[in-house]
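Engineer: Provided herewith: coords_3.txt, compact mmCIF, C-alpha atoms.
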# COMPACT_ATOMS: atom_id res chain seq x y z
CA MET L 200 -16.29 2.33 -27.65
CA GLY L 201 -12.60 1.44 -27.38
CA GLU L 202 -10.60 0.58 -24.30
CA PHE L 203 -9.28 3.26 -21.98
CA GLN L 204 -6.70 2.78 -19.24
CA CYS L 205 -4.96 5.49 -17.27
CA TYR L 206 -2.01 5.14 -14.86
CA LYS L 207 -1.03 8.19 -12.82
CA PHE L 208 2.06 8.18 -10.61
CA LYS L 209 3.13 10.93 -8.21
CA THR L 210 6.13 11.73 -6.01
CA ILE L 211 5.41 13.33 -2.63
CA ASP L 212 8.50 13.08 -0.44
CA ARG L 213 11.02 14.09 -3.10
CA PRO L 214 11.14 14.71 -6.88
CA LEU L 215 12.70 12.32 -9.35
CA ASN L 216 16.32 13.06 -10.16
CA GLU L 217 17.43 13.36 -13.75
CA SER L 218 18.47 9.72 -14.02
CA GLU L 219 15.20 8.45 -12.54
CA ARG L 220 13.20 10.69 -14.83
CA ARG L 221 14.94 9.25 -17.89
CA GLU L 222 14.31 5.72 -16.64
CA VAL L 223 10.60 6.38 -16.08
CA ASP L 224 10.35 8.10 -19.46
CA GLY L 225 11.78 4.96 -21.04
CA LEU L 226 9.08 2.71 -19.55
CA SER L 227 6.58 3.53 -22.29
CA SER L 228 6.12 5.69 -25.35
CA ARG L 229 2.60 6.50 -24.14
CA GLY L 230 3.70 8.53 -21.14
CA HIS L 231 4.06 12.09 -20.02
CA VAL L 232 6.78 12.36 -17.37
CA THR L 233 7.85 15.24 -15.15
CA SER L 234 10.09 15.38 -12.09
CA ASN L 235 7.02 14.89 -9.87
CA SER L 236 4.65 12.73 -11.89
CA ALA L 237 4.09 10.31 -14.73
CA THR L 238 0.92 9.55 -16.67
CA PHE L 239 0.44 6.66 -19.08
CA ILE L 240 -2.71 6.32 -21.19
CA TYR L 241 -3.65 3.32 -23.32
CA HIS L 242 -6.48 2.71 -25.77
CA TYR L 243 -5.36 -0.48 -27.50
CA SER L 244 -2.50 -1.91 -25.44
CA ASP L 245 -1.31 -1.94 -21.83
CA PHE L 246 1.47 -0.80 -19.53
CA ARG L 247 4.20 -3.43 -19.89
CA HIS L 248 5.52 -3.12 -16.34
CA ASN L 249 4.25 -4.05 -12.90
CA PRO L 250 2.75 -0.82 -11.49
CA ALA L 251 3.60 -1.88 -7.92
CA THR L 252 7.26 -2.31 -8.86
CA VAL L 253 7.36 1.08 -10.58
CA LEU L 254 5.72 2.68 -7.54
CA ALA L 255 8.13 1.00 -5.11
CA LYS L 256 11.16 2.20 -7.05
CA TYR L 257 10.25 5.73 -8.08
CA PHE L 258 7.01 7.15 -6.66
CA ASP L 259 4.87 7.59 -3.54
CA ALA L 260 1.35 7.28 -4.98
CA MET L 261 -0.37 5.67 -7.95
CA MET L 262 -3.89 5.86 -9.33
CA TYR L 263 -5.31 3.58 -12.03
CA PHE L 264 -8.71 3.56 -13.69
CA ALA L 265 -10.12 1.79 -16.75
CA ASN L 266 -13.41 2.11 -18.57
CA TRP L 267 -14.42 -1.46 -17.75
CA GLY L 268 -14.82 -0.53 -14.08
CA THR L 269 -11.45 -1.25 -12.44
CA LYS L 270 -9.97 1.35 -10.08
CA ARG L 271 -6.82 1.16 -8.01
CA LEU L 272 -5.04 3.39 -5.53
CA MET L 273 -1.60 2.60 -4.13
CA PHE L 274 0.66 4.38 -1.66
CA ARG L 275 4.33 3.76 -0.86
CA LEU L 276 4.71 4.23 2.89
CA PRO L 277 8.06 4.48 4.69
CA ALA L 278 8.28 1.46 7.00
CA ASP L 279 9.61 3.51 9.91
CA LEU L 280 6.67 5.93 9.71
CA VAL L 281 3.67 3.68 9.23
CA ASP L 282 1.99 1.62 11.95
CA ALA L 283 1.72 -1.56 9.89
CA GLY L 284 -0.14 -3.40 12.63
CA GLU L 285 -2.93 -0.83 12.75
CA VAL L 286 -3.16 -0.47 8.97
CA SER L 287 -3.38 -4.25 8.61
CA ARG L 288 -6.58 -4.25 10.64
CA TYR L 289 -8.29 -2.55 7.69
CA CYS L 290 -6.90 -4.93 5.08
CA ARG L 291 -9.27 -7.24 3.27
CA GLU L 292 -8.54 -10.21 1.04
CA ASP L 293 -10.57 -11.26 -1.99
CA GLU L 294 -9.95 -14.60 -3.67
CA TYR L 295 -11.28 -13.23 -6.96
CA ARG L 296 -8.98 -10.16 -6.77
CA GLU L 297 -11.87 -7.81 -7.49
CA LYS L 298 -12.02 -5.74 -4.30
CA TYR L 299 -9.32 -5.87 -1.69
CA ILE L 300 -7.02 -3.87 0.58
CA GLN L 301 -3.48 -5.19 1.01
CA LEU L 302 -0.33 -4.10 2.79
CA GLU L 303 2.94 -5.58 1.53
CA GLN L 304 6.44 -4.79 2.74
CA ARG L 305 9.04 -4.00 0.10
CA GLY L 306 12.39 -3.31 1.73
CA ALA L 307 12.26 0.02 3.55
CA TYR L 308 8.66 0.62 2.43
CA TYR L 309 5.18 -0.80 2.66
CA LEU L 310 2.90 -0.76 -0.38
CA LEU L 311 -0.73 -0.12 0.45
CA ASP L 312 -2.91 -1.40 -2.39
CA ILE L 313 -6.66 -0.70 -2.70
CA VAL L 314 -8.42 -2.30 -5.68
CA TYR L 315 -12.08 -2.06 -6.72
CA ASN L 316 -13.60 -3.72 -9.76
CA ASP L 317 -17.19 -2.81 -10.62
CA GLU L 318 -18.73 -5.65 -12.61
CA GLU L 319 -21.39 -3.25 -13.82
CA GLY L 320 -18.73 -0.72 -14.80
CA GLY L 321 -18.11 0.68 -18.20
CA GLY L 322 -18.52 3.97 -19.99
CA TRP L 323 -16.63 6.82 -21.54
CA MET L 324 -13.62 8.02 -19.56
CA GLU L 325 -11.09 10.82 -19.88
CA GLU L 326 -7.73 11.47 -18.24
CA GLU L 327 -9.22 14.45 -16.40
CA ASP L 328 -11.98 12.41 -14.74
CA TYR L 329 -9.80 11.70 -11.69
CA ASP L 330 -6.78 13.59 -10.36
CA ILE L 331 -4.19 11.87 -8.18
CA ASP L 332 -3.47 15.20 -6.48
CA ASP L 333 -6.98 15.03 -4.99
CA LEU L 334 -6.18 11.72 -3.26
CA ALA L 335 -2.51 12.28 -2.38
CA PRO L 336 -3.26 13.94 1.02
CA LEU L 337 -4.65 10.59 2.23
CA ARG L 338 -1.10 9.25 2.35
CA ASP L 339 -0.17 11.78 5.03
CA ASP L 340 -3.40 10.99 6.86
CA ILE L 341 -2.50 7.31 7.03
CA LEU L 342 1.05 8.04 8.15
CA ASN L 343 -0.43 10.20 10.91
CA GLY L 344 -2.78 7.45 12.08
CA ASP L 345 -5.94 8.71 10.35
CA TYR L 346 -7.58 5.61 8.88
CA ARG L 347 -10.92 7.05 7.78
CA ALA L 348 -10.30 6.32 4.08
CA LEU L 349 -9.25 2.75 4.84
CA TYR L 350 -12.37 2.15 6.91
CA LEU L 351 -14.67 3.50 4.19
CA ALA L 352 -13.02 1.20 1.63
CA TRP L 353 -13.28 -1.79 3.99
CA ALA L 354 -16.95 -1.05 4.70
CA HIS L 355 -17.71 -0.58 0.99
CA PHE L 356 -16.07 -3.83 -0.07
CA SER L 357 -17.69 -5.73 2.79
CA GLN L 358 -21.14 -4.55 1.74
CA LEU L 359 -20.50 -5.63 -1.83
CA SER L 360 -19.74 -9.19 -0.66
CA GLU L 361 -22.96 -10.21 1.09
CA ASP L 362 -22.69 -13.69 -0.37
CA GLU L 363 -19.32 -14.32 1.26
CA GLU L 364 -18.92 -16.00 4.61
CA GLU L 365 -19.71 -13.38 7.25
CA PRO L 366 -16.57 -12.31 9.15
CA SER L 367 -16.82 -12.49 12.91
CA GLU L 368 -17.45 -9.26 14.78
CA ASN L 369 -14.01 -9.57 16.37
CA ASN L 370 -12.37 -9.28 12.95
CA ALA L 371 -14.05 -5.99 12.07
CA PRO L 372 -11.70 -2.99 12.22
CA PRO L 373 -12.47 -0.09 14.55
CA VAL L 374 -14.59 2.77 13.27
CA PRO L 375 -12.19 5.75 13.15
CA PRO L 376 -13.16 9.02 14.82
CA ASN L 377 -14.24 12.18 13.00
CA LEU L 378 -15.89 10.58 9.98
CA LYS L 379 -18.55 13.27 10.19
CA ASN L 380 -15.88 15.77 9.11
CA LEU L 381 -15.01 14.75 5.56
CA THR L 382 -12.00 16.44 4.00
CA ALA L 383 -11.79 17.22 0.29
CA ALA L 384 -9.47 14.21 -0.12
CA LEU L 385 -11.96 11.89 1.60
CA LYS L 386 -14.77 13.16 -0.62
CA ALA L 387 -12.60 12.51 -3.68
CA PHE L 388 -11.86 9.01 -2.33
CA ILE L 389 -15.59 8.32 -1.87
CA ASP L 390 -16.24 9.47 -5.43
CA PHE L 391 -13.34 7.50 -6.91
CA PHE L 392 -14.35 4.20 -5.29
CA GLU L 393 -18.08 4.87 -5.73
CA ILE L 394 -18.95 4.51 -2.05
CA GLY L 395 -22.67 5.00 -1.46
CA GLY L 396 -23.91 7.94 0.57
CA ASP L 397 -26.09 5.75 2.81
CA LEU L 398 -23.09 3.62 3.80
CA VAL L 399 -21.04 6.73 4.51
CA ALA L 400 -23.87 8.07 6.68
CA ALA L 401 -24.01 4.74 8.54
CA ALA L 402 -20.28 4.86 9.26
CA GLN L 403 -20.56 8.49 10.32
CA SER L 404 -23.32 7.68 12.80
CA ALA L 405 -21.01 5.21 14.57
CA SER L 406 -17.91 7.39 14.42
CA PRO L 407 -17.07 9.34 17.59
CA ASP L 408 -15.97 12.97 17.49
CA ARG L 409 -12.51 13.48 18.96
CA ARG L 410 -10.10 16.36 19.14
CA ALA L 411 -6.41 15.60 18.78
CA SER L 412 -4.67 15.90 22.12
CA GLU L 413 -2.17 18.75 22.29
CA VAL L 414 1.47 17.80 22.65
CA ASP L 415 4.08 20.30 23.84
CA TYR L 416 6.87 19.31 21.43
CA ASP L 417 9.06 22.22 22.55
CA GLU L 418 9.05 20.88 26.09
CA LEU L 419 9.75 17.34 24.90
CA LEU L 420 12.68 18.52 22.78
CA LEU L 421 14.42 19.64 25.94
CA GLN L 422 14.28 16.08 27.22
CA LEU L 423 16.54 14.90 24.39
CA SER L 424 20.25 14.93 24.96
CA GLU L 425 22.24 17.59 23.17
CA LYS L 426 23.87 14.90 21.10
CA GLU L 427 20.55 13.53 19.90
CA ARG L 428 19.20 17.00 19.11
CA ASN L 429 22.29 17.70 17.01
CA GLU L 430 21.79 14.41 15.18
CA TRP L 431 18.24 15.43 14.28
CA LEU L 432 19.48 18.81 13.05
CA SER L 433 22.12 17.14 10.92
CA ARG L 434 19.51 14.89 9.32
CA LEU L 435 17.34 17.96 8.67
CA LEU L 436 20.20 19.75 6.89
CA LYS L 437 20.74 16.70 4.70
CA GLY L 438 17.12 16.99 3.49
CA GLU L 439 15.83 13.71 4.89
CA PRO L 440 12.17 13.45 3.83
CA ARG L 441 9.37 13.27 6.41
CA LEU L 442 11.82 14.04 9.20
CA GLU L 443 9.24 16.10 11.08
CA LEU L 444 6.98 13.05 11.41
CA LEU L 445 9.84 10.85 12.56
CA LEU L 446 10.83 13.43 15.17
CA LYS L 447 7.26 13.75 16.42
CA LYS L 448 7.02 9.99 16.83
CA ARG L 449 10.30 9.99 18.75
CA LEU L 450 9.14 12.79 21.05
CA GLU L 451 5.75 11.21 21.66
CA LYS L 452 7.49 8.14 23.04
CA LEU L 453 8.83 10.37 25.82
CA SER L 454 5.28 11.31 26.82
CA PRO L 455 2.79 8.69 25.68
CA ARG L 456 -0.70 10.04 25.13
CA PRO L 457 -3.37 8.64 27.42
CA ALA L 458 -5.53 6.04 25.70
CA GLY L 459 -8.99 7.33 24.84
CA PRO L 460 -12.24 5.37 24.93
CA ALA L 461 -12.27 2.22 22.83
CA LEU L 462 -13.45 2.76 19.28
CA PRO L 463 -16.64 0.97 18.18
CA GLU L 464 -16.50 -2.03 15.86
CA LEU L 465 -19.31 -2.96 13.47
CA SER L 466 -19.65 -6.27 11.69
CA PRO L 467 -20.68 -6.19 7.99
CA ALA L 468 -24.18 -7.27 9.05
CA GLU L 469 -24.43 -4.40 11.53
CA LEU L 470 -23.16 -1.98 8.90
CA ARG L 471 -25.72 -3.30 6.44
CA LYS L 472 -28.52 -2.74 8.94
CA LEU L 473 -27.32 0.77 9.75
CA SER L 474 -26.98 1.56 6.05
CA ALA L 475 -30.55 0.38 5.40
CA GLU L 476 -31.78 2.63 8.20
CA LYS L 477 -29.91 5.59 6.74
CA GLU L 478 -31.39 4.82 3.32
CA GLN L 479 -34.92 4.93 4.73
CA GLU L 480 -34.13 8.17 6.55
CA ARG L 481 -32.76 9.66 3.32
CA ILE L 482 -35.79 8.58 1.29
CA ALA L 483 -38.15 10.07 3.86
CA ARG L 484 -36.11 13.27 3.99
CA GLU L 485 -36.00 13.60 0.20
CA LYS L 486 -39.73 12.94 -0.03
CA ALA L 487 -40.44 15.65 2.54
CA GLU L 488 -38.10 18.08 0.78
CA ALA L 489 -39.70 17.33 -2.59
CA GLN L 490 -43.17 17.87 -1.13
CA ALA L 491 -42.14 21.18 0.44
CA ALA L 492 -40.59 22.29 -2.86
CA HIS L 493 -43.80 21.32 -4.70
CA VAL L 494 -45.92 23.35 -2.28
CA ARG L 495 -43.65 26.37 -2.72
CA ARG L 496 -43.84 26.05 -6.50
CA MET L 497 -47.63 25.72 -6.49
CA GLN L 498 -47.90 28.79 -4.29
CA THR L 499 -45.80 30.70 -6.81
CA LEU L 500 -47.89 29.44 -9.74
CA ALA L 501 -51.08 30.43 -7.95
CA GLY L 502 -49.97 34.05 -8.08
CA GLN L 503 -49.21 33.69 -11.80
CA GLU L 504 -52.33 31.77 -12.87
CA ALA L 505 -54.01 34.55 -14.81
CA ASP L 506 -50.82 35.44 -16.67
CA LEU L 507 -50.20 31.76 -17.47
CA TRP L 508 -53.61 31.44 -19.17
CA LYS L 509 -52.92 34.60 -21.17
CA GLY L 510 -49.54 33.18 -22.17
CA VAL L 511 -51.16 29.97 -23.39
CA ILE L 512 -53.43 31.85 -25.78
CA TYR L 513 -50.60 34.14 -26.90
CA ASN L 514 -48.30 31.24 -27.75
CA ILE L 515 -51.04 29.27 -29.53
CA ASP L 516 -51.79 32.27 -31.73
CA ARG L 517 -48.10 32.56 -32.73
CA LYS L 518 -48.54 29.26 -34.65
CA THR L 519 -44.93 28.00 -34.39
CA GLY L 520 -43.62 24.71 -33.12
CA LYS L 521 -41.67 26.44 -30.35
CA SER L 522 -44.67 28.51 -29.25
CA TYR L 523 -46.82 25.36 -29.17
CA ASP L 524 -44.21 23.78 -26.88
CA LEU L 525 -44.31 26.82 -24.58
CA ALA L 526 -48.12 26.75 -24.45
CA THR L 527 -48.08 23.05 -23.62
CA GLU L 528 -45.55 23.54 -20.79
CA SER L 529 -47.71 26.29 -19.31
CA LEU L 530 -50.77 24.03 -19.47
CA LYS L 531 -48.87 21.29 -17.66
CA ASP L 532 -48.10 23.78 -14.88
CA LEU L 533 -51.74 24.88 -14.77
CA LYS L 534 -52.89 21.27 -14.56
CA ALA L 535 -50.53 20.62 -11.64
CA LEU L 536 -51.87 23.76 -9.94
CA ALA L 537 -55.47 22.62 -10.49
CA VAL L 538 -54.70 19.24 -8.90
CA PHE L 539 -53.02 20.99 -5.96
CA GLN L 540 -56.03 23.31 -5.47
CA GLY L 541 -58.66 20.64 -6.14
CA ASN L 542 -59.92 22.46 -9.25
CA GLU L 543 -59.36 19.66 -11.79
CA ALA L 544 -62.92 19.82 -13.20
CA ALA L 545 -62.64 23.55 -13.97
CA PHE L 546 -59.24 23.04 -15.61
CA GLN L 547 -60.54 20.16 -17.74
CA ALA L 548 -63.48 22.29 -18.91
CA LYS L 549 -61.08 25.00 -20.13
CA ILE L 550 -58.94 22.40 -21.92
CA GLU L 551 -62.01 21.05 -23.73
CA GLU L 552 -62.90 24.58 -24.85
CA LEU L 553 -59.38 25.02 -26.22
CA ARG L 554 -59.49 21.65 -27.98
CA GLN L 555 -62.71 22.65 -29.77
CA GLN L 556 -61.43 26.11 -30.58
CA TYR L 557 -58.13 24.83 -32.05
CA ALA L 558 -59.24 21.42 -33.29
CA ARG L 559 -57.57 21.96 -36.66
CA ARG L 560 -54.16 22.61 -35.10
CA THR L 561 -53.08 18.95 -35.33
CA GLY L 562 -49.52 19.65 -34.20
CA LEU L 563 -50.80 21.44 -31.09
CA ILE L 564 -53.40 18.77 -30.25
CA LYS L 565 -50.78 16.03 -30.65
CA ARG L 566 -48.55 17.80 -28.13
CA TRP L 567 -51.40 17.97 -25.63
CA GLU L 568 -52.18 14.28 -26.07
CA GLU L 569 -48.53 13.33 -25.51
CA ALA L 570 -48.47 15.54 -22.40
CA GLY L 571 -51.60 13.90 -20.98
CA LEU L 572 -53.67 17.09 -21.15
What would you get if you wrote out this structure as structure tokens?
Structural biologist:
Amino acid sequence: MGEFQCYKFKTIDRPLNESERREVDGLSSRGHVTSNSATFIYHYSDFRHNPATVLAKYFDAMMYFANWGTKRLMFRLPADLVDAGEVSRYCREDEYREKYIQLEQRGAYYLLDIVYNDEEGGGWMEEEDYDIDDLAPLRDDILNGDYRALYLAWAHFSQLSEDEEEPSENNAPPVPPNLKNLTAALKAFIDFFEIGGDLVAAAQSASPDRRASEVDYDELLLQLSEKERNEWLSRLLKGEPRLELLLKKRLEKLSPRPAGPALPELSPAELRKLSAEKEQERIAREKAEAQAAHVRRMQTLAGQEADLWKGVIYNIDRKTGKSYDLATESLKDLKALAVFQGNEAAFQAKIEELRQQYARRTGLIKRWEEAGL
């Protein structure tokens, strides 16, 4: 199996102009470039440019994945729109550079960088395995103060580093609200970074449910001076990206929202304990569901028992490899039904009769032996 690396870049706030598109197209002969995206795939070499630099200059989002287990997601965030202090609470360093969350300022932007390297990774990969469009909505979430994806990444990386020095509880980021309501983008994020379902369930159990407070932006607009309102309109006509978010932030300063209850904080050890509890709950639930499904199946087979025995004889008499397989599968079902009903002795007696009757059918008898009949 050869190497596989895929870099996917995407614009969100504005498309590339013609000059930028030519520049991006000239970065590599292995790329496919449009006014809104660029994809570079490598099997024997590598992208000869720093992806963070390319992102900072041209794009708003980047996804990277390789068949040796490395995955990376980066967003370019306008500095005047992102709450860098809050985002930094979810950042996580890693001296081995294998799993970390970083926020770095580059001029008028911040670059949010999430990297995961699975040491057990490896396997066949295709360009279509992951789509950057599935994860792009998370950028807007973060700009709007929704840090659910960041928390899930922080929790995941923390659980993978049990051997590291345990961070103090005071350094754990807050558990964001509404984790029980996973969007399609969050589900894609969980899949991309291979975050376990038990850990997600643990985080969800600690996450409060909150409705966004309603803000009367029309009323707040009237509090702006006519001059300032005209300035906002002028910026809108000039096509300034993300102006609606900037305006909302400006208006919200005129009427600060009341602070809600403090969000919970869980140390990695507490998360680990919660995750273990959720794992046990899941195992018990799956066991109960499997048992219920087995009972339903046995009840169905009980109504078909006579027909199943007739089918066994019919398929044996057809004397083909496929019919022998069908007869054997039916006998396996009948054996399971006998165990369920407590009639194992009667079933075994019938099997012995069949063995004697068809003793010369070596292919059939071999199938029964392999099936444990």
Engineer: Hey, could you pull the box centre and edge lengths for stretch 546-550 of chain L, axis-aligned, 5 Å padding per side, all listed atoms, to one decimal in Å, as lines of an AutoDock Vina configuration file?
Structural biologist:
center_x = -61.2
center_y = 22.6
center_z = -18.8
size_x = 14.5
size_y = 14.8
size_z = 16.3
Engineer: With all atoms listed in the file as the basis for distance, which of L:Ala283, L:Ala335, L:Leu272, L:Leu420 is at the shortest distance from L:Asp312?
Structural biologist: L:Leu272
Engineer: Using all atoms listed in the file, determine which residues lie at most 9 Å from L:Leu465, disregarding the query and same-chain residues fewer than 4 positions distant; provide the list as a VMD selection string.
Structural biologist: chain L and resid 368 to 369 371 to 374 402 405 469 to 470
Engineer: Need the shell around stretch 445-450 of chain L: protein/DNA/RNA residues with any atom at most 8 Å away, counting all atoms listed in the file. Skip same-chain ones fewer than 3 positions apart. Format as a list in words?
Structural biologist: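 Counting all atoms listed in the file, the residues come to Asp279, Leu280, Tyr416, Leu419, Leu420, Trp431, Arg441, Leu442, Leu453 and Ser454 of chain L.
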Engineer: Could you check how far atom CA of L:Thr499 sits from atom CA of L:Gln540, in Å to one decimal?
Structural biologist: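 That distance, rounded to one decimal, is 12.7 Å.
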Engineer: Between L:Glu476, L:Ser529, L:Arg213, L:Glu427, which has the minimum distance to L:Ala505 (counting all atoms listed in the file)?
Structural biologist: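 Ranking L:Glu476, L:Ser529, L:Arg213, L:Glu427 by distance to L:Ala505, first place goes to L:Ser529.
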Engineer: Using only C-alpha atoms, which of the listed residues (L:Pro407, L:Tyr346, L:Gly284, L:Met273) sits closest to L:Ala251?
Structural biologist: L:Met273
Engineer: Show me as an mmCIF file with C-alpha atoms, keeping the file's coordinate frame the residues that reach within 12 Å of (-11.1, 15.5, 0.8), counting only C-alpha atoms and using the file's own coordinates.
Structural biologist:
data_model
loop_
_atom_site.group_PDB
_atom_site.id
_atom_site.type_symbol
_atom_site.label_atom_id
_atom_site.label_comp_id
_atom_site.auth_asym_id
_atom_site.auth_seq_id
_atom_site.Cartn_x
_atom_site.Cartn_y
_atom_site.Cartn_z
ATOM 1 C CA ILE L 331 -4.190 11.870 -8.180
ATOM 2 C CA ASP L 332 -3.470 15.200 -6.480
ATOM 3 C CA ASP L 333 -6.980 15.030 -4.990
ATOM 4 C CA LEU L 334 -6.180 11.720 -3.260
ATOM 5 C CA ALA L 335 -2.510 12.280 -2.380
ATOM 6 C CA PRO L 336 -3.260 13.940 1.020
ATOM 7 C CA LEU L 337 -4.650 10.590 2.230
ATOM 8 C CA ARG L 338 -1.100 9.250 2.350
ATOM 9 C CA ASP L 340 -3.400 10.990 6.860
ATOM 10 C CA ARG L 347 -10.920 7.050 7.780
ATOM 11 C CA ALA L 348 -10.300 6.320 4.080
ATOM 12 C CA LEU L 378 -15.890 10.580 9.980
ATOM 13 C CA ASN L 380 -15.880 15.770 9.110
ATOM 14 C CA LEU L 381 -15.010 14.750 5.560
ATOM 15 C CA THR L 382 -12.000 16.440 4.000
ATOM 16 C CA ALA L 383 -11.790 17.220 0.290
ATOM 17 C CA ALA L 384 -9.470 14.210 -0.120
ATOM 18 C CA LEU L 385 -11.960 11.890 1.600
ATOM 19 C CA LYS L 386 -14.770 13.160 -0.620
ATOM 20 C CA ALA L 387 -12.600 12.510 -3.680
ATOM 21 C CA PHE L 388 -11.860 9.010 -2.330
ATOM 22 C CA ILE L 389 -15.590 8.320 -1.870
ATOM 23 C CA ASP L 390 -16.240 9.470 -5.430
ATOM 24 C CA PHE L 391 -13.340 7.500 -6.910
#
